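Right, one structure below, let's go through it.
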Number of protein chains: 2
Amino acid sequence: MEKDLYGVCPFVTAQKILTGKWTLLIMHHLNLKTMRFSELQRALPHLTQSTLTKQLRMMEGNGLVIRTVYSQIPPKVEYSLSDLGYEFKPVLSTLETWGNKYLDFLKKN
Amino acid sequence: MEKDLYGVCPFVTAQKILTGKWTLLIMHHLNLKTMRFSELQRALPHLTQSTLTKQLRMMEGNGLVIRTVYSQIPPKVEYSLSDLGYEFKPVLSTLETWGNKYLDFLKKN
DNA sequence: CTGGATCCCTTATGATACTG
DNA sequence: CAGTATCATAAGGGATCCAG
């Protein structure tokens with residue numbers, strides 16, 4: 001990832017990482033456990049295969065996710081969080097709490 | 001905001017809210033204090049006027065921001081966080097921490 | 001000062017079909 | 001099983017100009 005002038009602000013940086021429409025959801029699942037590609041697909045039925053692949057590639061490129069390939073037939077690929085990815089956990093927690101408050105808010109309105 | 005089937009998950013909800021490229025940054029500033037439109041512009045020199053307006057309208061629509069108009073010449077409009085917006089504060093804190101870790105990571109690589 | 005109205009462009013996302 | 005390739009579309013963001 002390039003380091004431009006805007007990139008010195010933690011919020012701008014965070015925002016960049018979170019742009020992907022499914023990033024948070026994938027982070028959440030991988031935070032619970034390492035998963036295979038097909039497991040992620042089942043857990044996220046609203047993504048197409050190609051979209052999921054792109055998201056994972058992006059997250060891998062950003063250093064959030066580690067991709068482990070087992071050379072065998074049939075192929076097996078596992079996705080897990082990097083150290084940086086695990087450090088994201090507090091954000092997931094607070095975000096989950098807030099997301100639920102927001103859902104309550106929506107119900108009342 | 002519509003309530004579709006996906007909207008029962010706090011992460012999906014949160015992701016929707018955070019899609020805006022500048023949402024986090026605006027939240028951060030408004031979390032510190034109520035600001036006028038022109039103050040926000042100065043604080044965020046990389047947004048055009050029209051983009052800032054759109055972002056704020058979106059955040060207002062999402063219930064994060066409150067827009068107060070003072071009927072006077074010249075016009076004065078203040079933006080502040082709603083209760084829901086203030087409850088977002090823990091997310092901002094954890095995100096800031098993580099963003100800084102990420103920046104450190106980038107420096108080393 | 002605070003925005004509205006347009007037009008344009010890039011990027012993100014999705015559908016579909018094919019492959020080692 | 002885990003992708004790739006291609007094509008199509010949609011949405012977000014930005015530039016510019018106008019206005020109460």
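How things are named: the first chain in the structure tokens is A, the next is B, and so on; residues count from 1 in each chain; ligands count from 1 in the order shown.
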Legend entry - Close residues, range 10-16 of chain D itself excluded, 9 Å, only C-alpha atoms (C1' of nucleotides), min 5 positions apart in chain, as an NGL selection string: (:B and (20-21 or 47-48 or 50-51)) or (:C and (6-13))
Inset, instruction - Using DSSP on the backbone coordinates, identify all residues within chain A classified as helix (DSSP H, G or I); present the result as a PyMOL selection string. - result: chain A and resi 5-8+10-17+23-32+37-43+49-61+83-86+89-108
Inset, instruction - Could you find all residues in range 1-105 of chain A that DSSP calls strand (DSSP E) from the backbone, and write them as a ChimeraX atom specification? - result: /A:35-36,65-70,76-81
Within 8 Å of Thr13 in chain A, counting only C-alpha atoms (C1' of nucleotides), which residues qualify if same-chain residues fewer than 4 places away don't, as a compact mmCIF listing (two decimals) with C-alpha atoms, in the first residue's frame?
# COMPACT_ATOMS: atom_id res chain seq x y z
CA GLY A 7 -1.73 8.54 5.29
CA VAL A 8 -0.31 10.03 8.44
CA CYS A 9 -3.71 10.18 10.07
CA ILE A 17 -8.76 -0.40 5.13
CA GLY B 99 -4.74 3.05 12.97
CA TYR B 102 -1.02 0.20 11.32
CA LEU B 103 0.98 3.30 10.49
Inset, instruction - Compute the set of chain B residues within 9 Å of chain C, using only C-alpha atoms (C1' of nucleotides), and express it as a list in words. - result: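 That gives the following set of residues: Phe37, Ser38, Gln49, Ser50, Thr53, Ile73, Pro74, Pro75, Lys76 and Val77 of chain B.
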Legend entry - Between CA of Met35 in chain A and CA of Arg57 in chain A, distance in Å (one decimal):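 Straight-line distance from CA of Met35 in chain A to CA of Arg57 in chain A works out to 14.8 Å.
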Counting only C-alpha atoms (C1' of nucleotides), what is within 8 Å of Thr94 in chain B, bar same-chain residues fewer than 6 positions away, as an mmCIF file with C-alpha atoms, in the first residue's frame?
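Listed below is the output, result22.cif:
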data_model
loop_
_atom_site.group_PDB
_atom_site.id
_atom_site.type_symbol
_atom_site.label_atom_id
_atom_site.label_comp_id
_atom_site.auth_asym_id
_atom_site.auth_seq_id
_atom_site.Cartn_x
_atom_site.Cartn_y
_atom_site.Cartn_z
ATOM 1 C CA PRO A 90 -11.013 -4.211 20.140
ATOM 2 C CA VAL A 91 -12.414 -2.310 17.191
ATOM 3 C CA THR A 94 -16.791 -1.733 20.182
#
Inset, instruction - For each of A:Glu60, A:Asp104, A:Tyr70, A:Arg42, take the minimum atom-to-atom distance to chain B, counting only C-alpha atoms, then give the residue where this is smallest. - result: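 Result for the nearest residue to chain B: A:Asp104.
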Inset, instruction - Identify every residue of chain B that has at least one atom within 7 Å of any atom of chain A, counting only C-alpha atoms, and report the result as a list of chain:residue names. - result: B:Pro10, B:Phe11, B:Val12, B:Thr13, B:Ala14, B:Gln15, B:Thr19, B:Lys21, B:Leu24, B:Leu25, B:Glu87, B:Phe88, B:Pro90, B:Val91, B:Thr94, B:Leu95, B:Glu96, B:Trp98, B:Gly99, B:Asn100
For the residues selected in the previous step, produce a file with all heavy atoms as a compact mmCIF listing (two decimals), in the first residue's frame.
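The result, stored in again-v6.txt:
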# COMPACT_ATOMS: atom_id res chain seq x y z
N PRO B 10 -24.97 -6.54 13.35
CA PRO B 10 -24.38 -5.26 13.74
C PRO B 10 -23.20 -4.87 12.86
O PRO B 10 -22.95 -3.68 12.66
CB PRO B 10 -23.91 -5.52 15.18
CG PRO B 10 -23.86 -7.00 15.33
CD PRO B 10 -24.91 -7.53 14.41
N PHE B 11 -22.48 -5.84 12.33
CA PHE B 11 -21.33 -5.52 11.50
C PHE B 11 -21.73 -5.00 10.13
O PHE B 11 -21.13 -4.06 9.61
CB PHE B 11 -20.42 -6.74 11.35
CG PHE B 11 -19.80 -7.17 12.64
CD1 PHE B 11 -20.22 -8.31 13.28
CD2 PHE B 11 -18.80 -6.39 13.23
CE1 PHE B 11 -19.66 -8.70 14.48
CE2 PHE B 11 -18.24 -6.78 14.43
CZ PHE B 11 -18.67 -7.93 15.06
N VAL B 12 -22.76 -5.61 9.58
CA VAL B 12 -23.25 -5.13 8.30
C VAL B 12 -23.76 -3.70 8.45
O VAL B 12 -23.48 -2.83 7.62
CB VAL B 12 -24.38 -6.04 7.76
CG1 VAL B 12 -24.98 -5.46 6.50
CG2 VAL B 12 -23.86 -7.44 7.51
N THR B 13 -24.48 -3.48 9.53
CA THR B 13 -25.00 -2.16 9.81
C THR B 13 -23.86 -1.15 9.95
O THR B 13 -23.88 -0.09 9.31
CB THR B 13 -25.80 -2.18 11.11
OG1 THR B 13 -26.81 -3.17 11.01
CG2 THR B 13 -26.44 -0.83 11.37
N ALA B 14 -22.89 -1.50 10.74
CA ALA B 14 -21.77 -0.61 10.95
C ALA B 14 -21.04 -0.33 9.64
O ALA B 14 -20.68 0.82 9.34
CB ALA B 14 -20.80 -1.22 11.96
N GLN B 15 -20.87 -1.36 8.86
CA GLN B 15 -20.17 -1.19 7.59
C GLN B 15 -20.91 -0.21 6.69
O GLN B 15 -20.31 0.65 6.06
CB GLN B 15 -20.04 -2.54 6.88
CG GLN B 15 -19.24 -2.47 5.60
CD GLN B 15 -17.78 -2.85 5.81
OE1 GLN B 15 -17.48 -3.96 6.18
NE2 GLN B 15 -16.89 -1.92 5.55
N THR B 19 -19.33 3.52 5.20
CA THR B 19 -18.91 3.49 3.80
C THR B 19 -18.32 4.81 3.34
O THR B 19 -17.37 4.83 2.58
CB THR B 19 -20.08 3.14 2.87
OG1 THR B 19 -21.20 3.92 3.26
CG2 THR B 19 -20.39 1.67 2.93
N LYS B 21 -16.26 7.85 2.53
CA LYS B 21 -14.81 7.91 2.57
C LYS B 21 -14.30 8.83 3.68
O LYS B 21 -13.16 8.74 4.11
CB LYS B 21 -14.33 8.43 1.22
CG LYS B 21 -12.86 8.32 0.97
CD LYS B 21 -12.58 8.67 -0.48
CE LYS B 21 -11.10 8.79 -0.75
NZ LYS B 21 -10.85 9.19 -2.15
N LEU B 24 -15.42 8.70 9.08
CA LEU B 24 -14.68 8.57 10.33
C LEU B 24 -14.03 9.87 10.74
O LEU B 24 -14.05 10.27 11.90
CB LEU B 24 -13.60 7.49 10.19
CG LEU B 24 -14.06 6.05 10.23
CD1 LEU B 24 -12.89 5.11 10.03
CD2 LEU B 24 -14.74 5.77 11.56
N LEU B 25 -13.47 10.54 9.74
CA LEU B 25 -12.77 11.79 10.02
C LEU B 25 -13.74 12.86 10.52
O LEU B 25 -13.45 13.58 11.48
CB LEU B 25 -12.11 12.26 8.72
CG LEU B 25 -10.70 12.78 8.75
CD1 LEU B 25 -9.90 12.18 9.89
CD2 LEU B 25 -10.03 12.49 7.42
N GLU B 87 -22.24 7.90 21.11
CA GLU B 87 -22.01 6.52 21.53
C GLU B 87 -20.99 5.83 20.64
O GLU B 87 -20.56 4.72 20.91
CB GLU B 87 -23.33 5.74 21.51
CG GLU B 87 -24.36 6.36 22.44
CD GLU B 87 -25.45 5.37 22.80
OE1 GLU B 87 -25.10 4.27 23.26
OE2 GLU B 87 -26.64 5.69 22.61
N PHE B 88 -20.65 6.49 19.58
CA PHE B 88 -19.67 5.93 18.65
C PHE B 88 -18.24 6.16 19.14
O PHE B 88 -17.29 5.58 18.63
CB PHE B 88 -19.86 6.59 17.28
CG PHE B 88 -19.15 5.88 16.16
CD1 PHE B 88 -19.61 4.67 15.68
CD2 PHE B 88 -18.02 6.43 15.58
CE1 PHE B 88 -18.97 4.02 14.65
CE2 PHE B 88 -17.36 5.78 14.54
CZ PHE B 88 -17.83 4.58 14.08
N PRO B 90 -16.32 5.15 21.62
CA PRO B 90 -15.40 4.03 21.90
C PRO B 90 -14.83 3.43 20.62
O PRO B 90 -13.67 3.00 20.60
CB PRO B 90 -16.30 3.01 22.61
CG PRO B 90 -17.44 3.78 23.15
CD PRO B 90 -17.65 4.93 22.22
N VAL B 91 -15.63 3.44 19.58
CA VAL B 91 -15.14 2.91 18.31
C VAL B 91 -14.02 3.81 17.79
O VAL B 91 -12.98 3.32 17.34
CB VAL B 91 -16.27 2.83 17.27
CG1 VAL B 91 -15.74 2.27 15.95
CG2 VAL B 91 -17.42 1.99 17.77
N THR B 94 -10.73 3.07 19.79
CA THR B 94 -10.05 1.83 19.44
C THR B 94 -9.50 1.91 18.02
O THR B 94 -8.42 1.42 17.72
CB THR B 94 -10.99 0.62 19.56
OG1 THR B 94 -12.19 0.87 18.83
CG2 THR B 94 -11.34 0.35 21.01
N LEU B 95 -10.26 2.57 17.16
CA LEU B 95 -9.85 2.71 15.78
C LEU B 95 -8.60 3.58 15.65
O LEU B 95 -7.71 3.32 14.84
CB LEU B 95 -11.00 3.32 14.97
CG LEU B 95 -11.23 2.88 13.55
CD1 LEU B 95 -11.03 1.38 13.37
CD2 LEU B 95 -12.64 3.26 13.14
N GLU B 96 -8.54 4.60 16.47
CA GLU B 96 -7.38 5.48 16.44
C GLU B 96 -6.13 4.71 16.88
O GLU B 96 -5.07 4.80 16.27
CB GLU B 96 -7.61 6.68 17.36
CG GLU B 96 -6.49 7.69 17.30
CD GLU B 96 -6.82 8.95 18.10
OE1 GLU B 96 -7.81 8.92 18.87
OE2 GLU B 96 -6.11 9.95 17.94
N TRP B 98 -5.65 1.51 16.76
CA TRP B 98 -5.29 0.53 15.75
C TRP B 98 -4.68 1.21 14.52
O TRP B 98 -3.70 0.73 13.95
CB TRP B 98 -6.51 -0.29 15.33
CG TRP B 98 -6.17 -1.36 14.36
CD1 TRP B 98 -5.64 -2.58 14.63
CD2 TRP B 98 -6.29 -1.29 12.94
NE1 TRP B 98 -5.43 -3.27 13.47
CE2 TRP B 98 -5.83 -2.51 12.41
CE3 TRP B 98 -6.76 -0.31 12.05
CZ2 TRP B 98 -5.81 -2.78 11.05
CZ3 TRP B 98 -6.75 -0.57 10.70
CH2 TRP B 98 -6.27 -1.79 10.20
N GLY B 99 -5.27 2.32 14.12
CA GLY B 99 -4.74 3.05 12.97
C GLY B 99 -3.28 3.43 13.17
O GLY B 99 -2.46 3.36 12.25
N ASN B 100 -2.95 3.83 14.39
CA ASN B 100 -1.56 4.19 14.66
C ASN B 100 -0.63 2.97 14.62
O ASN B 100 0.49 3.07 14.13
CB ASN B 100 -1.46 4.88 16.02
CG ASN B 100 -1.90 6.34 15.94
OD1 ASN B 100 -1.58 7.04 14.97
ND2 ASN B 100 -2.64 6.80 16.93
Legend entry - Contact set, chain D to chain A: 8 Å, only C-alpha atoms (C1' of nucleotides), as a VMD selection string: chain D and resid 1 to 3
Can I get the selected residues back with N, CA and C atoms (P, O5', C5', C4', C3', O3' and C1' of nucleotides), as a PDB file, in the first residue's frame?
ATOM      1  P    DC D   1     -15.980 -28.554  -2.159  1.00  0.00           P
ATOM      2  O5'  DC D   1     -14.484 -28.548  -2.692  1.00  0.00           O
ATOM      3  C5'  DC D   1     -13.482 -28.933  -1.782  1.00  0.00           C
ATOM      4  C4'  DC D   1     -12.271 -28.084  -2.049  1.00  0.00           C
ATOM      5  C3'  DC D   1     -12.491 -26.595  -1.758  1.00  0.00           C
ATOM      6  O3'  DC D   1     -11.346 -26.137  -1.044  1.00  0.00           O
ATOM      7  C1'  DC D   1     -11.869 -26.880  -4.030  1.00  0.00           C
ATOM      8  P    DA D   2     -11.290 -24.667  -0.400  1.00  0.00           P
ATOM      9  O5'  DA D   2     -10.700 -23.791  -1.590  1.00  0.00           O
ATOM     10  C5'  DA D   2      -9.395 -24.096  -2.061  1.00  0.00           C
ATOM     11  C4'  DA D   2      -9.105 -23.288  -3.289  1.00  0.00           C
ATOM     12  C3'  DA D   2      -9.377 -21.779  -3.135  1.00  0.00           C
ATOM     13  O3'  DA D   2      -8.274 -21.037  -3.626  1.00  0.00           O
ATOM     14  C1'  DA D   2     -10.421 -22.601  -5.067  1.00  0.00           C
ATOM     15  P    DG D   3      -8.156 -19.478  -3.228  1.00  0.00           P
ATOM     16  O5'  DG D   3      -9.346 -18.747  -4.042  1.00  0.00           O
ATOM     17  C5'  DG D   3      -9.007 -17.905  -5.099  1.00  0.00           C
ATOM     18  C4'  DG D   3      -8.769 -18.722  -6.357  1.00  0.00           C
ATOM     19  C3'  DG D   3      -8.728 -17.888  -7.623  1.00  0.00           C
ATOM     20  O3'  DG D   3      -7.426 -17.449  -7.848  1.00  0.00           O
ATOM     21  C1'  DG D   3      -9.970 -19.915  -7.914  1.00  0.00           C
TER      22       DG D   3
END
